[in-house]
$ cat structure.pdb   # PDB, C-alpha atoms, pLDDT in the B column
ATOM      1  CA  MET A 247     132.084 118.488  67.706  1.00 41.00           C
ATOM      2  CA  PRO A 248     129.532 117.732  70.450  1.00 39.00           C
ATOM      3  CA  PRO A 249     128.273 120.780  72.345  1.00 38.00           C
ATOM      4  CA  ARG A 250     130.140 121.616  75.519  1.00 39.00           C
ATOM      5  CA  ARG A 251     128.476 122.258  78.847  1.00 36.00           C
ATOM      6  CA  ALA A 252     129.101 125.753  80.198  1.00 36.00           C
ATOM      7  CA  SER A 253     131.820 125.702  82.846  1.00 36.00           C
ATOM      8  CA  ASN A 254     129.575 127.219  85.524  1.00 39.00           C
ATOM      9  CA  ALA A 255     126.720 124.769  85.016  1.00 38.00           C
ATOM     10  CA  PRO A 256     126.195 122.161  87.751  1.00 42.00           C
ATOM     11  CA  PRO A 257     127.297 118.588  87.050  1.00 47.00           C
ATOM     12  CA  PRO A 258     124.511 116.157  86.112  1.00 47.00           C
ATOM     13  CA  ASP A 259     123.948 114.874  89.627  1.00 48.00           C
ATOM     14  CA  GLN A 260     123.550 118.433  90.933  1.00 46.00           C
ATOM     15  CA  ALA A 261     121.218 119.768  88.240  1.00 47.00           C
ATOM     16  CA  GLN A 262     117.887 121.310  89.173  1.00 48.00           C
ATOM     17  CA  THR A 263     114.868 119.077  88.799  1.00 55.00           C
ATOM     18  CA  SER A 264     111.153 119.746  88.899  1.00 63.00           C
ATOM     19  CA  LYS A 265     110.633 116.666  91.045  1.00 87.00           C
ATOM     20  CA  ARG A 266     110.205 116.998  94.777  1.00 94.00           C
ATOM     21  CA  PHE A 267     109.118 114.832  97.661  1.00 97.00           C
ATOM     22  CA  LYS A 268     105.524 115.628  98.537  1.00 96.00           C
ATOM     23  CA  ALA A 269     105.123 112.775 101.025  1.00 97.00           C
ATOM     24  CA  TRP A 270     107.522 111.019 103.339  1.00 97.00           C
ATOM     25  CA  SER A 271     108.012 108.059 105.643  1.00 97.00           C
ATOM     26  CA  ILE A 272     110.818 107.109 108.002  1.00 97.00           C
ATOM     27  CA  SER A 273     112.559 105.114 105.265  1.00 95.00           C
ATOM     28  CA  ARG A 274     112.347 107.966 102.755  1.00 97.00           C
ATOM     29  CA  TYR A 275     113.564 110.462 105.320  1.00 97.00           C
ATOM     30  CA  LEU A 276     116.527 108.314 106.345  1.00 96.00           C
ATOM     31  CA  ASP A 277     117.435 107.640 102.711  1.00 96.00           C
ATOM     32  CA  HIS A 278     117.507 111.384 102.069  1.00 97.00           C
ATOM     33  CA  SER A 279     118.583 113.026 105.318  1.00 96.00           C
ATOM     34  CA  GLY A 280     119.565 110.297 107.764  1.00 93.00           C
ATOM     35  CA  PRO A 281     123.077 109.728 109.129  1.00 90.00           C
ATOM     36  CA  ASP A 282     123.873 107.539 106.094  1.00 90.00           C
ATOM     37  CA  GLY A 283     121.464 109.359 103.810  1.00 93.00           C
ATOM     38  CA  CYS A 284     122.139 110.760 100.346  1.00 95.00           C
ATOM     39  CA  PRO A 285     119.654 113.034  98.538  1.00 96.00           C
ATOM     40  CA  ARG A 286     120.823 111.753  95.158  1.00 96.00           C
ATOM     41  CA  ARG A 287     120.200 108.140  96.155  1.00 95.00           C
ATOM     42  CA  ALA A 288     116.800 109.012  97.629  1.00 96.00           C
ATOM     43  CA  LYS A 289     115.720 110.670  94.395  1.00 96.00           C
ATOM     44  CA  LEU A 290     116.854 107.763  92.228  1.00 95.00           C
ATOM     45  CA  ARG A 291     115.143 105.227  94.482  1.00 94.00           C
ATOM     46  CA  HIS A 292     111.899 106.915  95.439  1.00 96.00           C
ATOM     47  CA  LEU A 293     111.162 109.566  92.793  1.00 96.00           C
ATOM     48  CA  ASP A 294     112.765 108.152  89.659  1.00 95.00           C
ATOM     49  CA  LYS A 295     112.055 104.540  90.665  1.00 94.00           C
ATOM     50  CA  VAL A 296     115.377 103.397  89.213  1.00 93.00           C
ATOM     51  CA  ASP A 297     115.875  99.659  89.572  1.00 90.00           C
ATOM     52  CA  ALA A 298     118.256  98.979  92.466  1.00 87.00           C
ATOM     53  CA  GLY A 299     119.095  95.492  91.235  1.00 85.00           C
ATOM     54  CA  PRO A 300     118.392  92.116  92.832  1.00 86.00           C
ATOM     55  CA  VAL A 301     116.927  92.005  96.324  1.00 86.00           C
ATOM     56  CA  SER A 302     119.579  90.969  98.848  1.00 88.00           C
ATOM     57  CA  ASP A 303     119.330  87.652 100.672  1.00 92.00           C
ATOM     58  CA  ALA A 304     118.994  89.516 103.981  1.00 91.00           C
ATOM     59  CA  MET A 305     116.095  91.617 102.704  1.00 91.00           C
ATOM     60  CA  ARG A 306     114.405  88.597 101.151  1.00 94.00           C
ATOM     61  CA  ARG A 307     114.676  86.721 104.436  1.00 95.00           C
ATOM     62  CA  GLY A 308     113.369  89.705 106.381  1.00 94.00           C
ATOM     63  CA  ARG A 309     110.254  89.845 104.227  1.00 95.00           C
ATOM     64  CA  ALA A 310     109.689  86.106 104.586  1.00 96.00           C
ATOM     65  CA  VAL A 311     109.989  86.323 108.379  1.00 96.00           C
ATOM     66  CA  HIS A 312     107.519  89.218 108.508  1.00 95.00           C
ATOM     67  CA  ASP A 313     105.078  87.318 106.286  1.00 95.00           C
ATOM     68  CA  ALA A 314     105.300  84.226 108.485  1.00 95.00           C
ATOM     69  CA  GLY A 315     104.664  86.288 111.604  1.00 94.00           C
ATOM     70  CA  GLU A 316     101.646  87.941 109.998  1.00 93.00           C
ATOM     71  CA  LYS A 317     100.173  84.536 109.086  1.00 94.00           C
ATOM     72  CA  TRP A 318     100.623  83.325 112.653  1.00 95.00           C
ATOM     73  CA  LEU A 319      98.978  86.445 114.066  1.00 94.00           C
ATOM     74  CA  ASN A 320      96.098  85.892 111.617  1.00 92.00           C
ATOM     75  CA  LYS A 321      95.852  82.300 112.921  1.00 92.00           C
ATOM     76  CA  LYS A 322      96.674  80.908 109.486  1.00 93.00           C
ATOM     77  CA  LEU A 323      99.605  79.015 111.001  1.00 93.00           C
ATOM     78  CA  ARG A 324      99.172  76.699 113.970  1.00 92.00           C
ATOM     79  CA  ARG A 325     102.789  76.758 115.070  1.00 95.00           C
ATOM     80  CA  LEU A 326     104.762  79.844 115.862  1.00 96.00           C
ATOM     81  CA  PRO A 327     107.509  80.283 113.219  1.00 96.00           C
ATOM     82  CA  THR A 328     110.910  79.338 114.585  1.00 96.00           C
ATOM     83  CA  GLU A 329     112.288  82.819 113.882  1.00 96.00           C
ATOM     84  CA  TYR A 330     110.033  84.136 116.680  1.00 97.00           C
ATOM     85  CA  SER A 331     111.012  81.485 119.228  1.00 96.00           C
ATOM     86  CA  MET A 332     113.057  83.915 121.366  1.00 97.00           C
ATOM     87  CA  PHE A 333     109.906  86.021 121.754  1.00 97.00           C
ATOM     88  CA  ARG A 334     107.477  83.159 122.328  1.00 96.00           C
ATOM     89  CA  ASP A 335     105.896  84.607 125.482  1.00 96.00           C
ATOM     90  CA  GLU A 336     105.854  88.199 124.228  1.00 95.00           C
ATOM     91  CA  ILE A 337     104.252  87.505 120.871  1.00 95.00           C
ATOM     92  CA  ARG A 338     101.668  85.123 122.330  1.00 95.00           C
ATOM     93  CA  ALA A 339     100.674  87.809 124.811  1.00 94.00           C
ATOM     94  CA  ALA A 340     100.596  90.297 121.952  1.00 93.00           C
ATOM     95  CA  ARG A 341      98.186  88.133 119.952  1.00 93.00           C
ATOM     96  CA  THR A 342      95.877  87.931 122.965  1.00 92.00           C
ATOM     97  CA  HIS A 343      95.737  91.725 123.316  1.00 93.00           C
ATOM     98  CA  LEU A 344      96.231  92.614 119.654  1.00 93.00           C
ATOM     99  CA  LEU A 345      94.776  95.887 118.411  1.00 92.00           C
ATOM    100  CA  SER A 346      96.338  95.765 114.961  1.00 91.00           C
ATOM    101  CA  HIS A 347      99.160  94.203 112.987  1.00 90.00           C
ATOM    102  CA  GLU A 348     100.782  95.594 109.867  1.00 90.00           C
ATOM    103  CA  ALA A 349      99.058  98.875 110.708  1.00 93.00           C
ATOM    104  CA  CYS A 350      99.315 101.420 107.880  1.00 96.00           C
ATOM    105  CA  TRP A 351      98.625 104.977 109.014  1.00 97.00           C
ATOM    106  CA  ALA A 352      98.699 108.128 106.876  1.00 97.00           C
ATOM    107  CA  VAL A 353      98.327 111.752 107.969  1.00 98.00           C
ATOM    108  CA  ASP A 354      98.123 115.046 106.114  1.00 98.00           C
ATOM    109  CA  ASN A 355     100.406 118.007 106.728  1.00 97.00           C
ATOM    110  CA  LYS A 356      98.197 119.101 109.635  1.00 97.00           C
ATOM    111  CA  TRP A 357      98.749 115.695 111.270  1.00 97.00           C
ATOM    112  CA  ALA A 358      95.130 114.695 110.645  1.00 97.00           C
ATOM    113  CA  LEU A 359      94.344 111.086 109.773  1.00 96.00           C
ATOM    114  CA  THR A 360      93.748 110.413 106.079  1.00 97.00           C
ATOM    115  CA  ASP A 361      93.681 107.474 103.683  1.00 97.00           C
ATOM    116  CA  TRP A 362      96.961 105.732 102.804  1.00 96.00           C
ATOM    117  CA  PHE A 363      96.482 106.462  99.079  1.00 96.00           C
ATOM    118  CA  ALA A 364      94.840 109.880  99.463  1.00 97.00           C
ATOM    119  CA  ALA A 365      96.237 112.836  97.542  1.00 96.00           C
ATOM    120  CA  ASP A 366      96.805 114.701 100.810  1.00 97.00           C
ATOM    121  CA  ALA A 367      98.751 111.848 102.459  1.00 98.00           C
ATOM    122  CA  TRP A 368     101.862 113.634 103.724  1.00 98.00           C
ATOM    123  CA  CYS A 369     103.414 111.143 106.151  1.00 98.00           C
ATOM    124  CA  ARG A 370     102.976 107.367 106.165  1.00 98.00           C
ATOM    125  CA  ILE A 371     103.736 105.141 109.158  1.00 97.00           C
ATOM    126  CA  LYS A 372     103.790 101.324 109.238  1.00 96.00           C
ATOM    127  CA  VAL A 373     103.778  99.379 112.504  1.00 96.00           C
ATOM    128  CA  ASP A 374     104.137  95.602 112.750  1.00 95.00           C
ATOM    129  CA  LEU A 375     102.248  95.241 116.049  1.00 95.00           C
ATOM    130  CA  VAL A 376      99.877  97.477 117.994  1.00 96.00           C
ATOM    131  CA  VAL A 377      99.060  95.889 121.339  1.00 94.00           C
ATOM    132  CA  ALA A 378      96.817  96.956 124.204  1.00 92.00           C
ATOM    133  CA  ARG A 379      98.462  96.761 127.612  1.00 82.00           C
ATOM    134  CA  LYS A 380      96.503  95.509 130.625  1.00 73.00           C
ATOM    135  CA  ASP A 381      95.933  99.149 131.415  1.00 72.00           C
ATOM    136  CA  LYS A 382      93.634 100.004 128.483  1.00 69.00           C
ATOM    137  CA  HIS A 383      94.934 103.556 128.352  1.00 88.00           C
ATOM    138  CA  ARG A 384      98.399 102.306 127.392  1.00 92.00           C
ATOM    139  CA  ALA A 385      99.456 100.771 124.068  1.00 95.00           C
ATOM    140  CA  LEU A 386     102.589  99.081 122.795  1.00 96.00           C
ATOM    141  CA  MET A 387     104.006  99.660 119.288  1.00 96.00           C
ATOM    142  CA  VAL A 388     106.420  97.012 117.980  1.00 97.00           C
ATOM    143  CA  ASP A 389     108.585  96.694 114.892  1.00 96.00           C
ATOM    144  CA  PHE A 390     110.154  93.317 114.055  1.00 96.00           C
ATOM    145  CA  LYS A 391     113.824  93.403 113.072  1.00 96.00           C
ATOM    146  CA  THR A 392     115.897  90.634 111.533  1.00 94.00           C
ATOM    147  CA  GLY A 393     119.682  90.704 111.528  1.00 92.00           C
ATOM    148  CA  GLN A 394     121.877  92.446 114.073  1.00 92.00           C
ATOM    149  CA  MET A 395     121.203  95.475 116.195  1.00 92.00           C
ATOM    150  CA  ARG A 396     123.699  98.184 115.238  1.00 89.00           C
ATOM    151  CA  THR A 397     124.680 100.613 117.975  1.00 88.00           C
ATOM    152  CA  HIS A 398     125.724 103.248 115.416  1.00 88.00           C
ATOM    153  CA  ARG A 399     122.100 103.334 114.217  1.00 90.00           C
ATOM    154  CA  ILE A 400     120.574 104.255 117.577  1.00 92.00           C
ATOM    155  CA  GLU A 401     119.665 107.709 116.255  1.00 94.00           C
ATOM    156  CA  GLU A 402     117.692 106.118 113.403  1.00 94.00           C
ATOM    157  CA  TYR A 403     115.919 103.783 115.822  1.00 94.00           C
ATOM    158  CA  ARG A 404     114.983 106.722 118.033  1.00 96.00           C
ATOM    159  CA  MET A 405     113.432 108.588 115.111  1.00 96.00           C
ATOM    160  CA  GLN A 406     111.442 105.537 114.042  1.00 96.00           C
ATOM    161  CA  LEU A 407     110.006 105.099 117.535  1.00 97.00           C
ATOM    162  CA  GLU A 408     109.146 108.802 117.765  1.00 97.00           C
ATOM    163  CA  LEU A 409     106.963 108.461 114.665  1.00 97.00           C
ATOM    164  CA  TYR A 410     105.256 105.415 116.157  1.00 97.00           C
ATOM    165  CA  ALA A 411     104.284 107.502 119.183  1.00 97.00           C
ATOM    166  CA  ILE A 412     103.013 110.346 117.026  1.00 98.00           C
ATOM    167  CA  GLY A 413     100.925 107.969 114.921  1.00 97.00           C
ATOM    168  CA  ALA A 414      99.487 106.161 117.926  1.00 96.00           C
ATOM    169  CA  PHE A 415      98.042 109.282 119.512  1.00 96.00           C
ATOM    170  CA  ILE A 416      96.511 110.308 116.182  1.00 96.00           C
ATOM    171  CA  CYS A 417      95.029 106.927 115.289  1.00 94.00           C
ATOM    172  CA  LEU A 418      94.084 105.368 118.645  1.00 93.00           C
ATOM    173  CA  ASP A 419      91.503 106.655 121.105  1.00 89.00           C
ATOM    174  CA  ASP A 420      91.685 107.138 124.868  1.00 89.00           C
ATOM    175  CA  LEU A 421      95.435 106.734 125.191  1.00 93.00           C
ATOM    176  CA  GLU A 422      97.467 108.156 128.034  1.00 94.00           C
ATOM    177  CA  TYR A 423     100.796 106.465 127.293  1.00 95.00           C
ATOM    178  CA  VAL A 424     102.439 104.833 124.290  1.00 96.00           C
ATOM    179  CA  GLU A 425     105.360 102.451 124.640  1.00 96.00           C
ATOM    180  CA  CYS A 426     107.492 101.801 121.528  1.00 97.00           C
ATOM    181  CA  GLU A 427     109.888  98.876 120.973  1.00 97.00           C
ATOM    182  CA  LEU A 428     112.043  97.152 118.373  1.00 97.00           C
ATOM    183  CA  TRP A 429     112.243  93.351 118.638  1.00 97.00           C
ATOM    184  CA  TYR A 430     115.462  91.844 117.260  1.00 97.00           C
ATOM    185  CA  LEU A 431     114.226  88.365 116.470  1.00 97.00           C
ATOM    186  CA  ASP A 432     117.620  86.797 115.718  1.00 96.00           C
ATOM    187  CA  GLN A 433     119.227  88.046 118.921  1.00 96.00           C
ATOM    188  CA  GLY A 434     116.373  88.023 121.407  1.00 96.00           C
ATOM    189  CA  ILE A 435     116.945  91.712 122.125  1.00 95.00           C
ATOM    190  CA  ILE A 436     114.286  94.329 122.818  1.00 96.00           C
ATOM    191  CA  TYR A 437     115.328  97.929 122.265  1.00 96.00           C
ATOM    192  CA  GLY A 438     113.037 100.697 123.439  1.00 95.00           C
ATOM    193  CA  GLY A 439     110.119 100.544 125.804  1.00 93.00           C
ATOM    194  CA  GLU A 440     110.151 101.708 129.369  1.00 91.00           C
ATOM    195  CA  GLN A 441     113.662 100.369 130.063  1.00 91.00           C
ATOM    196  CA  ASP A 442     115.164 102.656 127.410  1.00 93.00           C
ATOM    197  CA  GLY A 443     112.893 105.640 127.955  1.00 94.00           C
ATOM    198  CA  TYR A 444     110.610 105.199 124.952  1.00 96.00           C
ATOM    199  CA  VAL A 445     107.295 105.835 126.696  1.00 96.00           C
ATOM    200  CA  TYR A 446     105.410 108.891 125.489  1.00 97.00           C
ATOM    201  CA  THR A 447     102.474 111.003 126.614  1.00 97.00           C
ATOM    202  CA  ALA A 448     100.132 112.891 124.306  1.00 96.00           C
ATOM    203  CA  GLN A 449     101.901 116.141 125.189  1.00 97.00           C
ATOM    204  CA  GLN A 450     105.283 114.665 124.259  1.00 97.00           C
ATOM    205  CA  ALA A 451     103.875 113.354 120.983  1.00 97.00           C
ATOM    206  CA  ASN A 452     102.521 116.817 120.171  1.00 97.00           C
ATOM    207  CA  GLU A 453     105.947 118.320 120.786  1.00 98.00           C
ATOM    208  CA  LEU A 454     107.483 115.696 118.510  1.00 98.00           C
ATOM    209  CA  ARG A 455     105.103 116.733 115.736  1.00 97.00           C
ATOM    210  CA  LYS A 456     106.693 120.191 115.806  1.00 97.00           C
ATOM    211  CA  VAL A 457     110.173 118.679 115.723  1.00 97.00           C
ATOM    212  CA  TRP A 458     109.351 116.495 112.731  1.00 98.00           C
ATOM    213  CA  ALA A 459     107.542 119.253 110.833  1.00 97.00           C
ATOM    214  CA  LEU A 460     110.809 121.223 110.908  1.00 97.00           C
ATOM    215  CA  ARG A 461     113.054 118.192 110.438  1.00 97.00           C
ATOM    216  CA  VAL A 462     111.557 117.131 107.098  1.00 98.00           C
ATOM    217  CA  GLN A 463     111.452 120.608 105.532  1.00 97.00           C
ATOM    218  CA  PRO A 464     114.900 120.399 103.848  1.00 97.00           C
ATOM    219  CA  MET A 465     113.892 117.104 102.247  1.00 97.00           C
ATOM    220  CA  LEU A 466     110.506 118.390 101.050  1.00 97.00           C
ATOM    221  CA  ARG A 467     112.041 121.581  99.641  1.00 97.00           C
ATOM    222  CA  ASP A 468     114.962 119.874  97.939  1.00 97.00           C
ATOM    223  CA  LYS A 469     115.037 120.295  94.153  1.00 95.00           C
ATOM    224  CA  THR A 470     118.758 119.748  93.651  1.00 95.00           C
ATOM    225  CA  PHE A 471     119.356 116.323  95.213  1.00 96.00           C
ATOM    226  CA  ARG A 472     123.100 116.657  95.513  1.00 95.00           C
ATOM    227  CA  SER A 473     125.174 113.555  96.063  1.00 95.00           C
ATOM    228  CA  ARG A 474     126.567 113.161  99.562  1.00 94.00           C
ATOM    229  CA  PRO A 475     129.514 110.798  99.157  1.00 92.00           C
ATOM    230  CA  GLY A 476     130.595 108.639 102.067  1.00 88.00           C
ATOM    231  CA  ASN A 477     131.493 105.115 103.064  1.00 87.00           C
ATOM    232  CA  TYR A 478     128.000 103.964 102.107  1.00 84.00           C
ATOM    233  CA  CYS A 479     128.851 104.624  98.436  1.00 88.00           C
ATOM    234  CA  THR A 480     130.592 101.242  98.377  1.00 87.00           C
ATOM    235  CA  TYR A 481     127.275  99.411  98.709  1.00 85.00           C
ATOM    236  CA  CYS A 482     124.984 101.934  96.987  1.00 89.00           C
ATOM    237  CA  PRO A 483     123.372 100.340  93.897  1.00 90.00           C
ATOM    238  CA  TYR A 484     123.574 103.686  92.096  1.00 92.00           C
ATOM    239  CA  SER A 485     127.330 104.242  92.600  1.00 91.00           C
ATOM    240  CA  SER A 486     129.646 104.479  89.600  1.00 89.00           C
ATOM    241  CA  SER A 487     131.563 101.424  90.837  1.00 87.00           C
ATOM    242  CA  ARG A 488     128.372  99.422  90.327  1.00 85.00           C
ATOM    243  CA  GLY A 489     127.540 100.974  87.008  1.00 85.00           C
ATOM    244  CA  GLY A 490     124.945 103.298  88.485  1.00 86.00           C
ATOM    245  CA  GLN A 491     123.859 106.828  87.651  1.00 88.00           C
ATOM    246  CA  CYS A 492     125.889 108.617  90.345  1.00 89.00           C
ATOM    247  CA  LYS A 493     129.429 109.814  89.640  1.00 89.00           C
ATOM    248  CA  TYR A 494     130.687 108.663  93.061  1.00 91.00           C
TER     249      TYR A 494
END
$ encode --input "structure.pdb" --output "structure tokens"
Amino acid sequence: MPPRRASNAPPPDQAQTSKRFKAWSISRYLDHSGPDGCPRRAKLRHLDKVDAGPVSDAMRRGRAVHDAGEKWLNKKLRRLPTEYSMFRDEIRAARTHLLSHEACWAVDNKWALTDWFAADAWCRIKVDLVVARKDKHRALMVDFKTGQMRTHRIEEYRMQLELYAIGAFICLDDLEYVECELWYLDQGIIYGGEQDGYVYTAQQANELRKVWALRVQPMLRDKTFRSRPGNYCTYCPYSSSRGGQCKY
């Protein structure tokens, strides 16, 4: 007979593991601890690197749109890609006052700037556009979004924009204000910025550092990675219904 597992032992998806998150980003945090997050899924995706299956059409298109925008900003394309046509004036102005695009910032656990691949990289932040406003002491952070804006994800959007503000004051000099926005290319919608209250001072960014240092602790300390079943299980690539490693 095969050996039996003791009745008080945790099921496989709740077993202790020596693996832990030592670094994080907004996507890792949301996968683990966000409103639709699941620690088990985050471990399988980011620590175990388990294949999640074919890339969806929506994700493939999103990458293509980002790549096209990057080429245009680099002046490798003469014509603005059609996907950006609803933001023609905004993105042309952005290219004129561009500080950086596809910015990749990494900080250590003291919020000091470090290299993206450094051993002490603790938090990584990617920003599609970093633009200088006419007032040189003010900068604009922009993330391009394809697909629909989802009102039930406002909390996730807010957290993403908070990290943009934190990163800006660490990585850019002589700033007094940082404005953070999401551009929904397919809908012509801008979420964030001054109209939605996403303008930050250095003092506010410093306070947000404290908030985030506490917020990510459960994720960084997690060794159990328990499943958190919910409606999102139906589309999780690791769910049992899809032949995955999770029992749900």
$ closest_residue --input "structure.pdb" --among "A:Cys369, A:Val377, A:Ala411, A:Cys492" --to "Thr480 in chain A" --atoms "only C-alpha atoms"
A:Cys492
$ resolve_selection --input "structure.pdb" --expression "the PyMOL selection byres ((chain A and resi 390) around 12)" --output "MDAnalysis selection string"
chainID A and resid 308:316 329:330 333 337 347:348 372:376 387:389 391:395 426:437
$ closest_residue --input "structure.pdb" --among "A:Tyr444, A:Tyr478, A:Phe415, A:Trp368" --to "Ala269 in chain A" --atoms "all atoms listed in the file"
A:Trp368
$ closest_residue --input "structure.pdb" --among "A:Leu409, A:Leu323, A:Leu345, A:Met465" --to "Gly280 in chain A" --atoms "all atoms listed in the file"
A:Met465
$ axis_aligned_box --input "structure.pdb" --around "range 261-280 of chain A" --padding-each-side "3 Å" --output "JSON"
{"center_x": 113.2, "center_y": 113.2, "center_z": 98.1, "size_x": 22.1, "size_y": 22.2, "size_z": 25.8}
$ atom_distance --input "structure.pdb" --atom1 "CA of Thr328 in chain A" --atom2 "CA of Arg306 in chain A"
16.7 Å
$ closest_residue --input "structure.pdb" --among "A:Asp381, A:Glu402, A:Glu408, A:Glu440" --to "Asp277 in chain A" --atoms "only C-alpha atoms"
A:Glu402
$ closest_residue --input "structure.pdb" --among "A:Phe363, A:Trp458, A:Trp270, A:Tyr494" --to "Ser473 in chain A" --atoms "all atoms listed in the file"
A:Tyr494
$ atom_distance --input "structure.pdb" --atom1 "CA of Arg286 in chain A" --atom2 "CA of Gly490 in chain A"
11.5 Å
$ closest_residue --input "structure.pdb" --among "A:Thr470, A:Gln406, A:Ser271, A:Ser279" --to "Val353 in chain A" --atoms "all atoms listed in the file"
A:Ser271
$ build_atoms --input "structure.pdb" --residues "range 333-340 of chain A" --atoms "all heavy atoms" --output "compact mmCIF listing (two decimals), in the frame of the given file"
# COMPACT_ATOMS: atom_id res chain seq x y z
N PHE A 333 110.94 85.11 121.28
CA PHE A 333 109.91 86.02 121.75
C PHE A 333 108.58 85.28 121.93
O PHE A 333 107.51 85.87 121.79
CB PHE A 333 109.73 87.18 120.76
CG PHE A 333 110.87 88.15 120.77
CD1 PHE A 333 112.00 87.90 119.99
CD2 PHE A 333 110.84 89.30 121.55
CE1 PHE A 333 113.07 88.79 119.99
CE2 PHE A 333 111.90 90.18 121.55
CZ PHE A 333 113.02 89.93 120.78
N ARG A 334 108.68 84.00 122.25
CA ARG A 334 107.48 83.16 122.33
C ARG A 334 106.43 83.75 123.29
O ARG A 334 105.26 83.89 122.94
CB ARG A 334 107.87 81.75 122.79
CG ARG A 334 106.74 80.74 122.71
CD ARG A 334 107.24 79.36 123.16
NE ARG A 334 108.40 78.95 122.39
CZ ARG A 334 108.34 78.36 121.20
NH1 ARG A 334 107.16 78.11 120.65
NH2 ARG A 334 109.45 78.01 120.57
N ASP A 335 106.85 84.09 124.49
CA ASP A 335 105.90 84.61 125.48
C ASP A 335 105.36 85.97 125.07
O ASP A 335 104.15 86.25 125.20
CB ASP A 335 106.55 84.70 126.86
CG ASP A 335 106.90 83.32 127.43
OD1 ASP A 335 106.32 82.33 126.96
OD2 ASP A 335 107.77 83.27 128.32
N GLU A 336 106.25 86.83 124.57
CA GLU A 336 105.85 88.20 124.23
C GLU A 336 104.85 88.22 123.07
O GLU A 336 103.86 88.95 123.11
CB GLU A 336 107.08 89.03 123.86
CG GLU A 336 108.00 89.38 125.02
CD GLU A 336 108.99 88.26 125.33
OE1 GLU A 336 108.95 87.20 124.68
OE2 GLU A 336 109.83 88.48 126.22
N ILE A 337 105.13 87.43 122.04
CA ILE A 337 104.25 87.50 120.87
C ILE A 337 102.92 86.79 121.12
O ILE A 337 101.88 87.16 120.57
CB ILE A 337 104.96 86.98 119.60
CG1 ILE A 337 104.21 87.47 118.36
CG2 ILE A 337 105.08 85.46 119.61
CD1 ILE A 337 104.97 87.28 117.07
N ARG A 338 102.93 85.77 121.96
CA ARG A 338 101.67 85.12 122.33
C ARG A 338 100.80 86.07 123.14
O ARG A 338 99.59 86.15 122.94
CB ARG A 338 101.93 83.83 123.10
CG ARG A 338 102.38 82.68 122.19
CD ARG A 338 102.68 81.43 122.98
NE ARG A 338 102.95 80.31 122.08
CZ ARG A 338 103.44 79.14 122.47
NH1 ARG A 338 103.73 78.94 123.75
NH2 ARG A 338 103.65 78.18 121.59
N ALA A 339 101.42 86.81 124.05
CA ALA A 339 100.67 87.81 124.81
C ALA A 339 100.17 88.91 123.89
O ALA A 339 99.05 89.40 124.04
CB ALA A 339 101.56 88.40 125.91
N ALA A 340 100.99 89.27 122.90
CA ALA A 340 100.60 90.30 121.95
C ALA A 340 99.37 89.87 121.15
O ALA A 340 98.46 90.67 120.91
CB ALA A 340 101.76 90.61 121.01
